[in-house]
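Undergrad: Dropping in coords.pdb, with PDB, C-alpha atoms and all ligand atoms.
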```pdb
ATOM      1  CA  MET A  88     -24.520  93.658 -29.105
ATOM      2  CA  ARG A  89     -26.942  95.804 -27.129
ATOM      3  CA  LEU A  90     -27.697  94.621 -23.558
ATOM      4  CA  LYS A  91     -25.439  91.611 -24.046
ATOM      5  CA  ALA A  92     -25.143  90.763 -20.346
ATOM      6  CA  GLU A  93     -28.913  90.952 -19.816
ATOM      7  CA  ARG A  94     -29.587  88.797 -22.863
ATOM      8  CA  GLN A  95     -27.073  86.205 -21.677
ATOM      9  CA  ALA A  96     -28.753  86.232 -18.243
ATOM     10  CA  VAL A  97     -32.048  85.398 -19.938
ATOM     11  CA  VAL A  98     -30.406  82.516 -21.829
ATOM     12  CA  ASP A  99     -28.858  81.185 -18.615
ATOM     13  CA  ALA A 100     -32.185  81.375 -16.761
ATOM     14  CA  ALA A 101     -34.043  79.682 -19.604
ATOM     15  CA  ARG A 102     -31.555  76.813 -19.568
ATOM     16  CA  ARG A 103     -31.796  76.482 -15.812
ATOM     17  CA  MET A 104     -35.575  76.433 -16.174
ATOM     18  CA  THR A 105     -35.194  73.389 -18.416
ATOM     19  CA  GLU A 106     -32.548  71.731 -16.242
ATOM     20  CA  SER A 107     -34.808  72.172 -13.212
ATOM     21  CA  GLY A 108     -37.610  70.339 -14.991
ATOM     22  CA  LEU A 109     -39.924  73.337 -14.964
ATOM     23  CA  VAL A 110     -40.552  73.240 -18.707
ATOM     24  CA  VAL A 111     -40.362  70.830 -21.612
ATOM     25  CA  ASN A 112     -39.248  71.640 -25.153
ATOM     26  CA  THR A 113     -39.740  75.368 -25.816
ATOM     27  CA  SER A 114     -42.578  75.988 -23.371
ATOM     28  CA  GLY A 115     -42.307  78.710 -20.750
ATOM     29  CA  ASN A 116     -40.600  82.064 -21.069
ATOM     30  CA  VAL A 117     -38.316  84.386 -19.170
ATOM     31  CA  SER A 118     -37.718  88.123 -19.191
ATOM     32  CA  ILE A 119     -35.994  90.936 -17.365
ATOM     33  CA  LEU A 120     -36.595  94.658 -17.502
ATOM     34  CA  ALA A 121     -33.562  96.758 -18.398
ATOM     35  CA  GLY A 122     -34.539 100.393 -18.171
ATOM     36  CA  ASP A 123     -37.399 100.804 -20.624
ATOM     37  CA  THR A 124     -36.518  97.642 -22.548
ATOM     38  CA  VAL A 125     -37.966  94.176 -21.965
ATOM     39  CA  VAL A 126     -35.344  91.472 -22.580
ATOM     40  CA  ILE A 127     -37.334  88.327 -23.344
ATOM     41  CA  THR A 128     -36.908  84.818 -24.715
ATOM     42  CA  PRO A 129     -37.800  84.386 -28.396
ATOM     43  CA  SER A 130     -40.682  82.242 -29.563
ATOM     44  CA  SER A 131     -40.065  78.579 -30.461
ATOM     45  CA  ILE A 132     -36.288  78.516 -30.096
ATOM     46  CA  ALA A 133     -34.812  75.544 -28.222
ATOM     47  CA  TYR A 134     -33.232  76.644 -24.969
ATOM     48  CA  ASP A 135     -30.172  74.427 -25.362
ATOM     49  CA  THR A 136     -29.158  76.107 -28.599
ATOM     50  CA  MET A 137     -30.386  79.615 -27.808
ATOM     51  CA  THR A 138     -27.746  82.341 -27.820
ATOM     52  CA  ALA A 139     -27.769  85.825 -26.354
ATOM     53  CA  GLU A 140     -28.241  87.164 -29.870
ATOM     54  CA  ASP A 141     -31.532  85.248 -30.157
ATOM     55  CA  VAL A 142     -32.976  86.979 -27.104
ATOM     56  CA  CYS A 143     -35.409  89.731 -28.049
ATOM     57  CA  LEU A 144     -35.440  93.364 -27.028
ATOM     58  CA  VAL A 145     -38.870  94.978 -26.815
ATOM     59  CA  ASP A 146     -39.738  98.566 -26.060
ATOM     60  CA  LEU A 147     -41.857  98.573 -22.902
ATOM     61  CA  ALA A 148     -43.984 101.564 -23.864
ATOM     62  CA  SER A 149     -44.908 100.542 -27.403
ATOM     63  CA  GLY A 150     -44.650  96.776 -26.981
ATOM     64  CA  ARG A 151     -42.784  96.564 -30.276
ATOM     65  CA  ALA A 152     -39.645  94.516 -30.801
ATOM     66  CA  LEU A 153     -36.577  96.467 -31.811
ATOM     67  CA  PRO A 154     -35.535  96.084 -35.478
ATOM     68  CA  GLY A 155     -33.723  92.886 -36.373
ATOM     69  CA  MET A 156     -35.118  90.789 -33.527
ATOM     70  CA  LEU A 157     -36.620  87.304 -33.721
ATOM     71  CA  HIS A 158     -40.269  86.965 -32.723
ATOM     72  CA  PRO A 159     -40.611  87.484 -28.973
ATOM     73  CA  SER A 160     -42.351  84.889 -26.800
ATOM     74  CA  SER A 161     -46.063  84.522 -27.458
ATOM     75  CA  GLU A 162     -46.612  85.571 -23.841
ATOM     76  CA  LEU A 163     -45.084  88.994 -24.496
ATOM     77  CA  PRO A 164     -48.433  90.689 -23.626
ATOM     78  CA  LEU A 165     -48.276  89.058 -20.172
ATOM     79  CA  HIS A 166     -44.728  90.284 -19.554
ATOM     80  CA  LEU A 167     -45.585  93.804 -20.740
ATOM     81  CA  ALA A 168     -48.712  93.961 -18.578
ATOM     82  CA  VAL A 169     -46.807  92.841 -15.486
ATOM     83  CA  TYR A 170     -43.947  95.322 -15.994
ATOM     84  CA  ARG A 171     -46.418  98.127 -16.630
ATOM     85  CA  SER A 172     -48.365  97.454 -13.446
ATOM     86  CA  GLN A 173     -45.907  95.970 -10.938
ATOM     87  CA  LYS A 174     -42.537  97.207  -9.729
ATOM     88  CA  VAL A 175     -40.529  94.133 -10.657
ATOM     89  CA  ASN A 176     -37.486  93.462 -12.786
ATOM     90  CA  ALA A 177     -37.881  89.818 -13.748
ATOM     91  CA  ILE A 178     -40.615  87.364 -14.766
ATOM     92  CA  VAL A 179     -40.537  83.580 -15.143
ATOM     93  CA  HIS A 180     -43.456  81.714 -16.682
ATOM     94  CA  THR A 181     -43.503  77.901 -16.694
ATOM     95  CA  HIS A 182     -45.781  74.934 -17.290
ATOM     96  CA  SER A 183     -44.254  72.977 -14.422
ATOM     97  CA  LEU A 184     -45.993  69.646 -13.901
ATOM     98  CA  TYR A 185     -47.283  69.641 -10.327
ATOM     99  CA  ALA A 186     -48.230  73.308 -10.285
ATOM    100  CA  THR A 187     -50.103  72.970 -13.569
ATOM    101  CA  ALA A 188     -51.827  69.756 -12.488
ATOM    102  CA  LEU A 189     -53.015  71.502  -9.344
ATOM    103  CA  THR A 190     -54.619  74.304 -11.399
ATOM    104  CA  THR A 191     -56.994  71.794 -12.965
ATOM    105  CA  VAL A 192     -58.529  70.653  -9.670
ATOM    106  CA  MET A 193     -58.025  73.411  -7.108
ATOM    107  CA  ASP A 194     -58.651  77.134  -6.646
ATOM    108  CA  LYS A 195     -55.350  77.799  -4.885
ATOM    109  CA  LEU A 196     -52.135  76.249  -3.646
ATOM    110  CA  PRO A 197     -52.661  76.305   0.126
ATOM    111  CA  ALA A 198     -50.041  77.275   2.697
ATOM    112  CA  ILE A 199     -48.811  73.764   3.433
ATOM    113  CA  HIS A 200     -45.214  74.881   4.116
ATOM    114  CA  TYR A 201     -43.742  78.073   5.530
ATOM    115  CA  GLN A 202     -41.622  78.628   2.412
ATOM    116  CA  ILE A 203     -44.798  79.732   0.667
ATOM    117  CA  ALA A 204     -44.336  83.028   2.514
ATOM    118  CA  ASP A 205     -41.820  83.952  -0.197
ATOM    119  CA  LEU A 206     -44.653  83.685  -2.720
ATOM    120  CA  GLY A 207     -46.940  85.970  -0.714
ATOM    121  CA  GLY A 208     -48.823  83.166   1.046
ATOM    122  CA  SER A 209     -51.255  80.751  -0.577
ATOM    123  CA  VAL A 210     -51.100  81.052  -4.363
ATOM    124  CA  PRO A 211     -54.395  81.661  -6.212
ATOM    125  CA  VAL A 212     -55.372  79.858  -9.409
ATOM    126  CA  LEU A 213     -56.546  82.465 -11.915
ATOM    127  CA  PRO A 214     -59.404  81.642 -14.303
ATOM    128  CA  TYR A 215     -58.529  80.132 -17.649
ATOM    129  CA  ALA A 216     -57.715  82.383 -20.581
ATOM    130  CA  ARG A 217     -55.975  81.445 -23.819
ATOM    131  CA  PHE A 218     -52.198  81.721 -24.004
ATOM    132  CA  GLY A 219     -50.897  84.988 -25.393
ATOM    133  CA  SER A 220     -54.240  86.730 -24.939
ATOM    134  CA  LYS A 221     -54.732  90.203 -23.566
ATOM    135  CA  GLU A 222     -57.266  88.741 -21.145
ATOM    136  CA  LEU A 223     -54.652  86.403 -19.673
ATOM    137  CA  ALA A 224     -52.090  89.205 -19.496
ATOM    138  CA  THR A 225     -54.498  91.484 -17.636
ATOM    139  CA  MET A 226     -55.478  88.770 -15.164
ATOM    140  CA  VAL A 227     -51.911  87.765 -14.384
ATOM    141  CA  ALA A 228     -50.773  91.363 -13.919
ATOM    142  CA  ALA A 229     -53.660  92.046 -11.533
ATOM    143  CA  GLY A 230     -53.200  88.715  -9.761
ATOM    144  CA  LEU A 231     -49.577  89.535  -8.964
ATOM    145  CA  ASP A 232     -50.565  92.605  -6.996
ATOM    146  CA  GLY A 233     -49.255  92.000  -3.481
ATOM    147  CA  ARG A 234     -47.721  88.592  -4.217
ATOM    148  CA  THR A 235     -44.862  87.087  -6.185
ATOM    149  CA  ALA A 236     -46.568  84.079  -7.785
ATOM    150  CA  VAL A 237     -49.836  83.141  -9.471
ATOM    151  CA  LEU A 238     -51.164  79.944 -10.972
ATOM    152  CA  MET A 239     -53.025  79.955 -14.291
ATOM    153  CA  LYS A 240     -55.841  77.458 -14.730
ATOM    154  CA  ASN A 241     -55.102  74.664 -17.232
ATOM    155  CA  HIS A 242     -51.905  76.473 -18.173
ATOM    156  CA  GLY A 243     -49.068  76.988 -15.669
ATOM    157  CA  ALA A 244     -47.481  79.454 -13.294
ATOM    158  CA  THR A 245     -45.858  82.879 -13.281
ATOM    159  CA  THR A 246     -43.426  84.233 -10.713
ATOM    160  CA  ILE A 247     -41.758  87.613 -10.375
ATOM    161  CA  GLY A 248     -38.796  89.056  -8.539
ATOM    162  CA  PRO A 249     -36.395  91.950  -8.196
ATOM    163  CA  ASP A 250     -33.987  89.961 -10.366
ATOM    164  CA  LEU A 251     -33.998  86.829 -12.513
ATOM    165  CA  PRO A 252     -32.379  84.422 -10.028
ATOM    166  CA  ARG A 253     -35.029  85.212  -7.451
ATOM    167  CA  ALA A 254     -37.918  85.004  -9.901
ATOM    168  CA  LEU A 255     -36.593  81.628 -11.061
ATOM    169  CA  ALA A 256     -36.051  80.404  -7.512
ATOM    170  CA  ARG A 257     -39.668  81.237  -6.787
ATOM    171  CA  SER A 258     -40.799  79.111  -9.726
ATOM    172  CA  ILE A 259     -38.759  76.253  -8.289
ATOM    173  CA  THR A 260     -40.237  76.837  -4.829
ATOM    174  CA  LEU A 261     -43.749  76.961  -6.247
ATOM    175  CA  GLU A 262     -43.313  73.679  -8.076
ATOM    176  CA  TRP A 263     -41.801  72.049  -4.986
ATOM    177  CA  ILE A 264     -44.696  73.144  -2.769
ATOM    178  CA  ALA A 265     -47.228  71.976  -5.359
ATOM    179  CA  LYS A 266     -45.499  68.586  -5.388
ATOM    180  CA  LEU A 267     -45.402  68.556  -1.603
ATOM    181  CA  TYR A 268     -49.125  69.236  -1.465
ATOM    182  CA  HIS A 269     -49.778  66.452  -3.942
ATOM    183  CA  GLN A 270     -47.718  63.986  -1.937
ATOM    184  CA  ALA A 271     -49.331  64.975   1.372
ATOM    185  CA  ALA A 272     -52.852  64.846  -0.065
ATOM    186  CA  LEU A 273     -52.212  61.258  -1.147
ATOM    187  CA  LEU A 274     -51.579  60.378   2.487
ATOM    188  CA  GLY A 275     -54.481  62.258   4.057
ATOM    189  CA  ASN A 276     -55.664  65.745   4.912
ATOM    190  CA  PRO A 277     -52.656  68.083   4.998
ATOM    191  CA  ALA A 278     -52.449  70.502   7.919
ATOM    192  CA  LEU A 279     -52.153  74.096   6.747
ATOM    193  CA  LEU A 280     -50.620  77.306   8.083
ATOM    194  CA  ASP A 281     -52.897  80.296   8.494
ATOM    195  CA  ASP A 282     -52.236  83.902   7.445
ATOM    196  CA  ALA A 283     -51.022  84.934  10.891
ATOM    197  CA  GLU A 284     -48.323  82.268  10.863
ATOM    198  CA  ILE A 285     -47.219  83.224   7.338
ATOM    199  CA  ALA A 286     -46.948  86.851   8.507
ATOM    200  CA  ALA A 287     -44.890  85.712  11.494
ATOM    201  CA  VAL A 288     -42.609  83.738   9.168
ATOM    202  CA  LEU A 289     -42.018  86.845   7.058
ATOM    203  CA  ALA A 290     -41.206  88.877  10.157
ATOM    204  CA  ALA A 291     -38.783  86.214  11.388
ATOM    205  CA  GLN A 292     -37.102  86.077   7.977
ATOM    206  CA  ARG A 293     -36.633  89.840   7.951
ATOM    207  CA  ASP A 294     -35.026  89.648  11.379
ATOM    208  CA  LEU A 295     -32.642  87.020  10.043
ATOM    209  CA  VAL A 296     -31.779  89.193   7.055
ATOM    210  CA  ALA A 297     -31.022  92.143   9.293
ATOM    211  CA  SER A 298     -28.864  89.936  11.503
ATOM    212  CA  ARG A 299     -27.046  88.479   8.503
ATOM    213  CA  ASP A 300     -26.407  91.913   7.015
ATOM    214  CA  ARG A 301     -24.985  93.152  10.282
ATOM    215  CA  ALA A 302     -22.660  90.145  10.457
ATOM    216  CA  ILE A 303     -21.521  90.691   6.865
ATOM    217  CA  ALA A 304     -20.914  94.374   7.514
ATOM    218  CA  GLU A 305     -18.941  93.605  10.670
ATOM    219  CA  ARG A 306     -16.880  90.967   8.892
ATOM    220  CA  GLY A 307     -16.254  93.388   6.042
ATOM    221  CA  SER A 308     -14.922  96.029   8.411
ATOM    222  CA  VAL A 309     -12.575  93.498  10.028
ATOM    223  CA  MET A 310     -11.416  91.966   6.740
ATOM    224  CA  ALA A 311     -11.365  95.135   4.649
ATOM    225  CA  PRO A 312      -8.436  95.020   2.208
ATOM    226  CA  PRO A 313      -5.745  97.713   2.256
ATOM    227  CA  PRO A 314      -6.452 100.507  -0.218
ATOM    228  CA  SER A 315      -4.118  99.039  -2.855
ATOM    229  CA  SER A 316      -5.791  95.590  -2.818
ATOM    230  CA  PRO A 317      -8.454  94.615  -5.311
ATOM    231  CA  ALA A 318     -12.004  94.809  -4.036
ATOM    232  CA  LEU A 319     -13.399  91.763  -2.324
ATOM    233  CA  SER A 320     -16.007  89.723  -4.101
ATOM    234  CA  PRO A 321     -19.565  90.066  -2.851
ATOM    235  CA  PRO A 322     -20.043  87.980   0.278
ATOM    236  CA  ARG A 323     -21.093  84.439  -0.497
ATOM    237  CA  GLY A 324     -23.635  84.560   2.272
ATOM    238  CA  GLY A 325     -25.978  86.492   0.042
ATOM    239  CA  ASN A 326     -26.596  83.459  -2.072
ATOM    240  CA  GLN A 327     -26.546  80.867   0.667
ATOM    241  CA  LEU A 328     -29.512  81.970   2.670
ATOM    242  CA  PRO A 329     -33.025  81.216   1.500
ATOM    243  CA  LEU A 330     -33.966  83.660  -1.204
ATOM    244  CA  SER A 331     -36.705  85.274   0.772
ATOM    245  CA  LEU A 332     -34.094  86.225   3.319
ATOM    246  CA  GLY A 333     -32.132  88.176   0.794
ATOM    247  CA  GLU A 334     -34.853  90.690   0.109
ATOM    248  CA  LYS A 335     -35.895  93.507   2.290
ATOM    249  CA  GLY A 336     -38.945  95.000   0.713
ATOM    250  CA  ALA A 337     -37.411  94.644  -2.723
ATOM    251  CA  PRO A 338     -39.563  95.780  -5.646
ATOM    252  CA  GLY A 339     -41.956  93.056  -6.582
ATOM    253  CA  ASP A 340     -42.270  91.628  -3.149
ATOM    254  CA  PRO A 341     -45.653  91.622  -1.458
ATOM    255  CA  PRO A 342     -46.285  94.604   0.751
ATOM    256  CA  ARG A 343     -45.048  94.089   4.243
ATOM    257  CA  ARG A 344     -47.727  92.472   6.301
ATOM    258  CA  PRO A 345     -48.424  93.857   9.747
ATOM    259  CA  ARG A 346     -46.026  92.383  12.236
ATOM    260  CA  PRO A 347     -47.859  90.101  14.619
ATOM    261  CA  HIS A 348     -48.427  91.511  18.083
ATOM    262  CA  ASP A 349     -46.158  88.855  19.451
ATOM    263  CA  SER A 350     -43.604  87.450  17.057
ATOM    264  CA  ARG A 351     -42.147  85.420  19.921
ATOM    265  CA  SER A 352     -45.336  83.476  20.252
ATOM    266  CA  THR A 353     -45.475  80.401  22.412
ATOM    267  CA  THR A 354     -45.573  76.891  21.046
ATOM    268  CA  SER A 355     -49.240  76.548  21.924
ATOM    269  CA  GLU A 356     -50.048  79.763  20.078
ATOM    270  CA  ARG A 357     -48.191  78.554  17.049
ATOM    271  CA  GLN A 358     -50.003  75.265  17.217
ATOM    272  CA  ARG A 359     -53.324  77.072  17.060
ATOM    273  CA  ARG A 360     -52.221  78.686  13.828
ATOM    274  CA  ILE A 361     -51.907  75.319  12.172
ATOM    275  CA  ARG A 362     -55.309  74.569  10.730
ATOM    276  CA  THR A 363     -56.567  71.141   9.932
ATOM    277  CA  PRO A 364     -57.982  69.455   8.128
ATOM    278  CA  ALA A 365     -57.464  70.516   4.566
ATOM    279  CA  ARG A 366     -59.504  68.958   1.828
ATOM    280  CA  PRO A 367     -57.604  66.145   0.182
ATOM    281  CA  LEU A 368     -56.773  66.674  -3.437
ATOM    282  CA  ARG A 369     -59.333  64.160  -4.638
ATOM    283  CA  ASP A 370     -62.094  65.822  -2.578
ATOM    284  CA  ALA A 371     -61.162  69.200  -3.942
ATOM    285  CA  ALA A 372     -61.305  67.756  -7.410
ATOM    286  CA  ALA A 373     -64.710  66.246  -6.762
ATOM    287  CA  GLY A 374     -66.001  69.546  -5.428
ATOM    288  CA  LYS A 375     -65.014  71.302  -8.591
ATOM    289  CA  ARG A 376     -66.923  69.028 -10.856
TER     290      ARG A 376
HETATM  291 ZN    ZN B 401     -47.534  79.326 -21.036
END
```
Could the structure of this file be written out as structure tokens, please?
Ligand SMILES: [Zn+2]
TA:
Amino acid sequence: MRLKAERQAVVDAARRMTESGLVVNTSGNVSILAGDTVVITPSSIAYDTMTAEDVCLVDLASGRALPGMLHPSSELPLHLAVYRSQKVNAIVHTHSLYATALTTVMDKLPAIHYQIADLGGSVPVLPYARFGSKELATMVAAGLDGRTAVLMKNHGATTIGPDLPRALARSITLEWIAKLYHQAALLGNPALLDDAEIAAVLAAQRDLVASRDRAIAERGSVMAPPPSSPALSPPRGGNQLPLSLGEKGAPGDPPRRPRPHDSRSTTSERQRRIRTPARPLRDAAAGKR
């Protein structure tokens, strides 16, 4: 079977998407780019019974499925448009509950938690366009310029990454932050982080990555096996740190933001970066009507 490992990776991600509660039934779709081939979930096949053989292979240039394939996801135009315009290797599209609910009453998911830095900061809600349409595909592809997540009005969310685990993790992060915002807005006006603080978070995360990589390299040199020993497995640390820490300007990530003049800012400076109040969810909803 051609691209067997990639097709199995798509099956595994689709199942995890279901297990994580990001989709119901056959909604949502997942793809990776393997060379000039898009490896994408088929249309209307249950994830729990899907096999690698069911996963579709589509030529990126022509947009046509290779002979003998099932019908690709109805959002194939979206996946093609993103791969043709952004340097990414994986896409996850979901209809996750809190993120989708938020699209019906707000214009963006605000920066209520620093983990939103991994999504490129606050996440915009794109205007509504019908599923599977060229209009939606064009909007999503353009909306992902400089960020790793977008919300789609009255529809759902799309995240990207240098690989499928990271694109999927971003969908999970996005849904968690949308739920967090919902919960906070029920209590009052959530305080928000401004762009400068998000940029500082990214800089701090990159410093941590560099530090982690140095530690791994040093440990590797100390624990290197003798030449006759089998190679060591990849260090576990790579999967234990937050996902945003594992990427150093990887394709698909937002362009590096300018490092703040003082990344070791004082507590009072950091406090000033926390804006308040935000509009509660119900106010935002009222304003939209
Ligand atoms: Zn959809």
Undergrad: Any chance you could resolve the PyMOL selection byres (((chain A and resi 101) around 10) and not hetatm) against this file and give the residues as an mmCIF file with C-alpha atoms, in the coordinates of the input?
TA:
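And here is the file that came out, expr_13.cif:
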```cif
data_model
loop_
_atom_site.group_PDB
_atom_site.id
_atom_site.type_symbol
_atom_site.label_atom_id
_atom_site.label_comp_id
_atom_site.auth_asym_id
_atom_site.auth_seq_id
_atom_site.Cartn_x
_atom_site.Cartn_y
_atom_site.Cartn_z
ATOM 1 C CA GLN A 95 -27.073 86.205 -21.677
ATOM 2 C CA ALA A 96 -28.753 86.232 -18.243
ATOM 3 C CA VAL A 97 -32.048 85.398 -19.938
ATOM 4 C CA VAL A 98 -30.406 82.516 -21.829
ATOM 5 C CA ASP A 99 -28.858 81.185 -18.615
ATOM 6 C CA ALA A 100 -32.185 81.375 -16.761
ATOM 7 C CA ARG A 102 -31.555 76.813 -19.568
ATOM 8 C CA ARG A 103 -31.796 76.482 -15.812
ATOM 9 C CA MET A 104 -35.575 76.433 -16.174
ATOM 10 C CA THR A 105 -35.194 73.389 -18.416
ATOM 11 C CA GLU A 106 -32.548 71.731 -16.242
ATOM 12 C CA SER A 107 -34.808 72.172 -13.212
ATOM 13 C CA LEU A 109 -39.924 73.337 -14.964
ATOM 14 C CA VAL A 110 -40.552 73.240 -18.707
ATOM 15 C CA THR A 113 -39.740 75.368 -25.816
ATOM 16 C CA GLY A 115 -42.307 78.710 -20.750
ATOM 17 C CA ASN A 116 -40.600 82.064 -21.069
ATOM 18 C CA VAL A 117 -38.316 84.386 -19.170
ATOM 19 C CA SER A 118 -37.718 88.123 -19.191
ATOM 20 C CA ILE A 127 -37.334 88.327 -23.344
ATOM 21 C CA THR A 128 -36.908 84.818 -24.715
ATOM 22 C CA ALA A 133 -34.812 75.544 -28.222
ATOM 23 C CA TYR A 134 -33.232 76.644 -24.969
ATOM 24 C CA ASP A 135 -30.172 74.427 -25.362
ATOM 25 C CA MET A 137 -30.386 79.615 -27.808
ATOM 26 C CA VAL A 179 -40.537 83.580 -15.143
ATOM 27 C CA LEU A 255 -36.593 81.628 -11.061
#
```
Undergrad: Find the nearest atom pair between each residue of chain A and ligand ZN 401 (chain B) for residues within 10 Å, count all atoms listed in the file, give distances in Å to one decimal, sort rows by chain and ascending number, and present the table as CSV.
TA:
```
residue,atom,partner,partner_atom,distance
A:Val110,CA,B:ZN401,ZN,9.6
A:Thr113,CA,B:ZN401,ZN,10.0
A:Ser114,CA,B:ZN401,ZN,6.4
A:Gly115,CA,B:ZN401,ZN,5.3
A:Asn116,CA,B:ZN401,ZN,7.5
A:Ser160,CA,B:ZN401,ZN,9.5
A:Ser161,CA,B:ZN401,ZN,8.4
A:Glu162,CA,B:ZN401,ZN,6.9
A:Leu165,CA,B:ZN401,ZN,9.8
A:His180,CA,B:ZN401,ZN,6.4
A:Thr181,CA,B:ZN401,ZN,6.1
A:His182,CA,B:ZN401,ZN,6.0
A:Ser183,CA,B:ZN401,ZN,9.7
A:Arg217,CA,B:ZN401,ZN,9.1
A:Phe218,CA,B:ZN401,ZN,6.0
A:Gly219,CA,B:ZN401,ZN,7.9
A:Met239,CA,B:ZN401,ZN,8.7
A:Asn241,CA,B:ZN401,ZN,9.7
A:His242,CA,B:ZN401,ZN,6.0
A:Gly243,CA,B:ZN401,ZN,6.1
A:Ala244,CA,B:ZN401,ZN,7.7
A:Thr245,CA,B:ZN401,ZN,8.7
```
Undergrad: Would you pick out the contacts of Leu167 of chain A at 8 Å or less, using all atoms listed in the file, so that residues sharing its chain but fewer than 3 positions from it are not included, and give the list as a PyMOL selection string?
TA: chain A and resi 125+147+150+163-164+170-171
Undergrad: From the list A:Glu262, A:Glu140, A:Asp282, A:Asp205, which residue is nearest Ile247 of chain A when using all atoms listed in the file?
TA: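 When distances to Ile247 of chain A are compared using all atoms listed in the file, the smallest one comes from A:Asp205.
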Undergrad: Within 6 Å of (-53.2, 71.7, 0.4) in the file's own coordinates, which protein, DNA or RNA residues have an atom, counting only C-alpha atoms? List them as a list of chain:residue names.
TA: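 I get A:Pro197, A:Ile199, A:Tyr268, A:Pro277 for the residues within 6 Å of that point.
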Undergrad: State, in Å with one decimal place, the distance from atom CA of Gly207 of chain A to atom CA of Lys174 of chain A.
TA: 15.1 Å
Undergrad: Which value, in Å to one decimal, gives the distance between atom CA of Val288 of chain A and atom CA of Val237 of chain A?
TA: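 Calculated distance between atom CA of Val288 of chain A and atom CA of Val237 of chain A is 20.0 Å.
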Undergrad: Complete segment 224-240 of chain A with N, CA and C atoms (output as a CSV table (one decimal), keeping the file's coordinate frame).
TA:
```
chain,number,residue,atom,x,y,z
A,224,ALA,N,-53.1,88.2,-19.9
A,224,ALA,CA,-52.1,89.2,-19.5
A,224,ALA,C,-52.7,90.1,-18.4
A,225,THR,N,-53.9,90.6,-18.6
A,225,THR,CA,-54.5,91.5,-17.6
A,225,THR,C,-54.7,90.8,-16.3
A,226,MET,N,-55.2,89.5,-16.4
A,226,MET,CA,-55.5,88.8,-15.2
A,226,MET,C,-54.2,88.5,-14.4
A,227,VAL,N,-53.2,88.1,-15.1
A,227,VAL,CA,-51.9,87.8,-14.4
A,227,VAL,C,-51.3,89.0,-13.7
A,228,ALA,N,-51.3,90.1,-14.5
A,228,ALA,CA,-50.8,91.4,-13.9
A,228,ALA,C,-51.5,91.8,-12.7
A,229,ALA,N,-52.9,91.7,-12.7
A,229,ALA,CA,-53.7,92.0,-11.5
A,229,ALA,C,-53.5,91.0,-10.4
A,230,GLY,N,-53.4,89.8,-10.8
A,230,GLY,CA,-53.2,88.7,-9.8
A,230,GLY,C,-51.9,88.8,-9.0
A,231,LEU,N,-50.9,89.4,-9.6
A,231,LEU,CA,-49.6,89.5,-9.0
A,231,LEU,C,-49.5,90.8,-8.0
A,232,ASP,N,-50.6,91.5,-7.9
A,232,ASP,CA,-50.6,92.6,-7.0
A,232,ASP,C,-50.5,92.1,-5.6
A,233,GLY,N,-49.4,92.4,-4.9
A,233,GLY,CA,-49.3,92.0,-3.5
A,233,GLY,C,-48.7,90.6,-3.3
A,234,ARG,N,-48.3,89.9,-4.4
A,234,ARG,CA,-47.7,88.6,-4.2
A,234,ARG,C,-46.7,88.4,-5.3
A,235,THR,N,-46.0,87.3,-5.2
A,235,THR,CA,-44.9,87.1,-6.2
A,235,THR,C,-45.1,85.9,-7.1
A,236,ALA,N,-46.3,85.3,-7.0
A,236,ALA,CA,-46.6,84.1,-7.8
A,236,ALA,C,-48.1,84.0,-8.0
A,237,VAL,N,-48.4,83.5,-9.2
A,237,VAL,CA,-49.8,83.1,-9.5
A,237,VAL,C,-49.8,81.8,-10.3
A,238,LEU,N,-50.9,81.1,-10.2
A,238,LEU,CA,-51.2,79.9,-11.0
A,238,LEU,C,-52.2,80.3,-12.0
A,239,MET,N,-52.1,79.7,-13.2
A,239,MET,CA,-53.0,80.0,-14.3
A,239,MET,C,-53.7,78.7,-14.7
A,240,LYS,N,-55.0,78.7,-14.6
A,240,LYS,CA,-55.8,77.5,-14.7
A,240,LYS,C,-55.6,76.8,-16.1
```
